[in-house]
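S.K.: Below you'll find the structure I mean.
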Amino acid sequence: MGELPELIIDLALILSVAALVTLIFKKLKQPVVLGYIIAGLLVGPNFRLFPTVIEMDSIKTWADIGVIFLLFGLGLEFSFKKLLKVGGVAVITAITEVSLTMLLGYAAGRLLGWNFVNSLFLGGILAIASTTIIVRAFDELGVKNQKFAGIVTGVLVIEDLVAVLLMVLLSTVAVSQTFAGGEMIKAVMELAFFLVLWFVSGIFFIPTFFRKTRSLLNEETLLIISLAFCFLMVVLATYAGFSSALGAFVMGSILAETTKAEKIEHLTKSVKLLFGAIFFVSVGMMIDPHMLIKHALPIVAATLVLLLGKPLFVTLGAMLAGQPLNIAVRSGMSLSQIGEFSFIIATLGLSLKVTGEFLYPVAVAVSVLTTFTTPYMIRFSESVSKGLESVLPEKWKKIFAAYNAEAQHITETSAWKKVLKSDLVNVAIFSVVIISLIIVSTQFLVPFFSANGWNKIIAVIVSLALLAPFLWALAFRRTAPRYYASVWLQSFHRKPLIVLEVSRIVLAVFFIGFLFNQLYSPVAALTGAAVTCAVLLLFSGRIKAFYGKIESRFIENYNERESGKMQHEEILTPWDTHISRFELNARFPFYGITLSELKLRERFGVNIVVIGRGDDVINVPTRDERLYPSDVLSVIGTDDQLNRFEAFLELSSGFANQTDKKQNVSLHHFIVSKNSPFAGKSIRKSGIREQSRGLVVGVERNGERIINPESDFVFEAGDILWIVGNEMRIQVIMKEAAALAETAPV
C-alpha cells in the first residue's frame with residue numbers, strides 16, 4: 001500500500017479535533033465558530049501538546065476556498081432587493097456606526113504607535129459586526145421578533161456591502177500607502193461599474209438559463225452549475241483587479257434573485273460548512289499565545305472600542321434616524337463584536353504583505369472575547385436602556401421625544417426629483433452596458449474579423465447592431481412617465497426637462513463617436529456618428545420594439561423569485577410597534593372562533609392586520625373574521641405585546657413559528673390639520689376606517705401617545721394619526737391631508 005499523502009493526514013487531524021471541540025462548545029451553548037478557532041490553535045504550529053499540521057500551504061489553499069464559500073453563502077442571503085428594503089433607519093445607523101467605529105479604531109492604532117496602514121486595517125476590522133454570531137444569539141435569546149432585532153438585521157445587510165467596499169478601498173490604500181484621492185475615486189468608480197455590469201448581465205442571463213434547462217436540473221446538476229457560476233465569477237473578479245471574495249459575494253447575490261436561491265443555498269450549505277470550518281481552523285492555527293501576551297494592550301484597547309465605542313455609535317445613529325432611546329440602545333449593544341468579514345479583512349492585509357503579523361492574532365483574540373460577551377450584551381441591553389431613561393433629565397427626554405416624532409414625519413418627494421433620479425439611474429445603467437459592449441467590440445470583435453480577413457466595417461456594423469437597443473434606451477426611454485407628465489404640465493420645469501432629455505441624446509451620440517474614434521480617427525468619428533444616427537432614427541420603431549423585449553425579459557427575471565414565492569418585506573414602524581408574523585398550526589384550539597370572541601386587542605393590546613390563507617390575503621380583517629388551520633397572521637404591537645401574544649400561541653397550541661407572507665397593508669402617519677375633515681370627529685364618525693380599510697392604532701397629542709384609541713375617540717387639530725391599512729388608500733388620505741395642511745391658515 002502506498003504512503004498516505006500528508007494533506008489527508010492533516011485533514012483527518014483538523015476535522016477530528018474540530019469535531020471534538022465543537023461538541024464541547026455546543027454543550028456549553030457557545031458559538032461553533034469559536035470551537036473551530038480553538039481547534040486550530042490546538043493543531044497549529046504554536047501549540048505542541050497535540051500533533052501539528054504538516055502541509056500548511058495546502059491548508060491555506062483550502063482556507064482560501066473556505067473564504068469563497070463563506071462569501072458565496074453571504075451573497076445568497078444578501079440579495080440586492082433586500083438592500084433596497086432595509087429602509088432609511090438601517091442605512092443611517094450603519095453609515096454612522098461604521099464610519100465612527102473605523103475612525104476610533106484608526107485613532108486607537110495610532111495611539112498605540114502603529115503605522116498608517118496597520119491602524120487603518122484595525123479600523124476596518126472593528127467596523128464590521130458578525131452576522132452569524134448575532135443571528136444565532138437572537139435565536140437563542142428569543143428576541144428575533146422584537147423591533148430592535150429588525151433594525152440590527154438591516155444594519156448587518158448594509159455592513160455586508162460596506163465590507164465588500166472596504167476590501168477594495170483598503171487594497172488601494174495599502175498599495176499606495178496613503179489616501180490618494182484620485183486612486184480612491186478610481187477604485188470606487190471601477191467597483192460601481194463592475195457591480196452594475198455583473199448584476200445587470202447576471203439577472204438577464206442566469207434566470208433565463210435556469211428556465212431553459214429546467215427539465216435537466218436535479219440536485220447534482222444544480223449544485224455543479226451554481227458552483228461553476230461562483231468560481232467563474234471569482235476568476236472574472238480576479239482578472240478585473242478585485243478580490244476572489246468579491247466575485248463570490250456578487251455571484252451569490254445574483255443567484256439570490258432567482259427561484260433556485262433556496263435550493264442552491266440548501267445544496268451548497270454542507271460544502272460551505274466544511275470549507276468554512278477549515279477556514280476558521282486555519283484562523284486558529286495562526287494564533288501565537290506569546291504574541292497575544294505581547295500585544296495584550298492592543299487586544300484590550302480594541303475590545304473596549306467594540307464594547308463601549310461601537311454601541312455608543314450605533315445608538316447615536318439609530319437616534320439620528322428617529323428611533324427611541326430604548327430601541328437605539330438595544331440595537332447598539334447587539335452589534336458589539338466582530339466576525340467573518342473581519343477575519344477576511346485581516347487576511348487581506350497579510351496576503352498583500354502590508355500589515356504586521358501581530359494584527360491577525362489580535363483580530364482573532366478580540367473576536368473570541370467579544371463573541372463570548374455578545375449574548376450578555378444583548379440580554380442586559382434592556383436593563384441598560386431602562387437605567388439610562390431613569391437617570392436622563394426630563395428636559396432631555398422631551399427633546400428626544402420631539403426629535404423622534406419629527407424624524408418620523410413623512411416628506412413627499414417632488415415629481416421633478418423622481419424624474420431626475422430615474423433619469424440618472426437610466427443613464428448610469430445604460431452607460432455601463434454601452435461602454436462594456438464597446439470594450440468587447442474593440443478588444444475581441446475587431447481582432448476576430450480582422451484575423452479572418454473580413455473588413456473592419458463588418459465589425460463596426462455588428463457592434464452597432466449590438467449597441468442599437470441600448471443607445472435608443474439611453475437617448476429616448478421615458479423614465480417615470482407618470483411623474484414626467486406631471487412635471488411637463490408645470491411650465492417652469494419644462495426647460496430643465498428639455499435640457500435633461502437633450503443631454504441624454506448628446507451622450508448617446510458621444511458613445512457612437514467614441515466607438516468610431518477607437519477604430520478609425522476623429523474625422524471618421526464625426527462622419528460615422530452622423531450616418532449612424534440617421535440609420536438608427538430610420539429604424540427607431542424596430543429598435544424600440546426589440547429593446548422592449550429585452551427590458552421585459554430583464555423585469556421578468558428580476559421579479560421571478562417574488563412571482564414564484566411571495567417574500568416578506570420587513571416593516572420597521574415607529575414607537576415600539578412593529579409587525580410580526582405567526583403561522584397557526586393544527587393544534588391551535590380556537591379555530592372557528594371570531595376575532596371579536598378572541599379579544600386579542602383587549603387581552604394583549606395587539607391587532608391582526610393581515611390574515612394569509614392559502615393563496616388569499618385578507619387585509620385588515622373585520623371583527624367577525626374567523627381563524628382556521630395554517631392561517632398566517634400579521635400582527636402589530638409592541639415588543640412586550642407581541643411576546644405575550646407569542647407565548648399565548650405557544651401555550652395554547654404548543655408551537656407558533658414566524659413565517660413570511662406578502663402583505664398589502666402598511667403603517668403610515670400624518671398630522672390632522674385645522675381644516676381636515678377628521679378634525680372634531682370621532683374615529684367612528686370620521687369614516688377613516690372605511691376610507692383606508694384599516695385601523696387607527698395610535699395618536700400622538702401634545703407629546704402623549706395614545707395606543708389603540710377607542711372608536712369614540714375625537715380627533716383634534718395637531719394630532720399625529722397612525723393608521724395601518726390598505727397602502728394605496730392611505731396614500732390618498734395622506735396626500736389630501738398634506739394638501740389641506742398647506743392651505744390651512746397659519
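Ligands are numbered from 1 in the order shown, chains are lettered A, B, ... in the order of the C-alpha cells, and residues start at 1 in each chain.
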Using DSSP on the backbone coordinates, identify the residues of segment 302-406 of chain A assigned to alpha helix (DSSP H); present them as a ChimeraX atom specification.
M.R.: /A:302-304,310-320,325-334,340-351,359-391,394-406
S.K.: Kindly indicate which residue among A:Lys263, A:Arg494, A:Lys397, A:Lys272 lies nearest to Thr221 of chain A, using only C-alpha atoms for the distances.
M.R.: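 Residue with the minimum atom-to-atom distance to Thr221 of chain A: A:Lys263.
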S.K.: For Thr303 of chain A, which residue among A:Phe341, A:Phe204, A:Phe372, A:Phe280 is the nearest when counting only C-alpha atoms?
M.R.: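 Nearest candidate to Thr303 of chain A out of A:Phe341, A:Phe204, A:Phe372, A:Phe280: A:Phe372.
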S.K.: For Val196 of chain A, which residue among A:Leu297, A:Lys674, A:Val250, A:Lys421 is the nearest when counting only C-alpha atoms?
M.R.: A:Val250
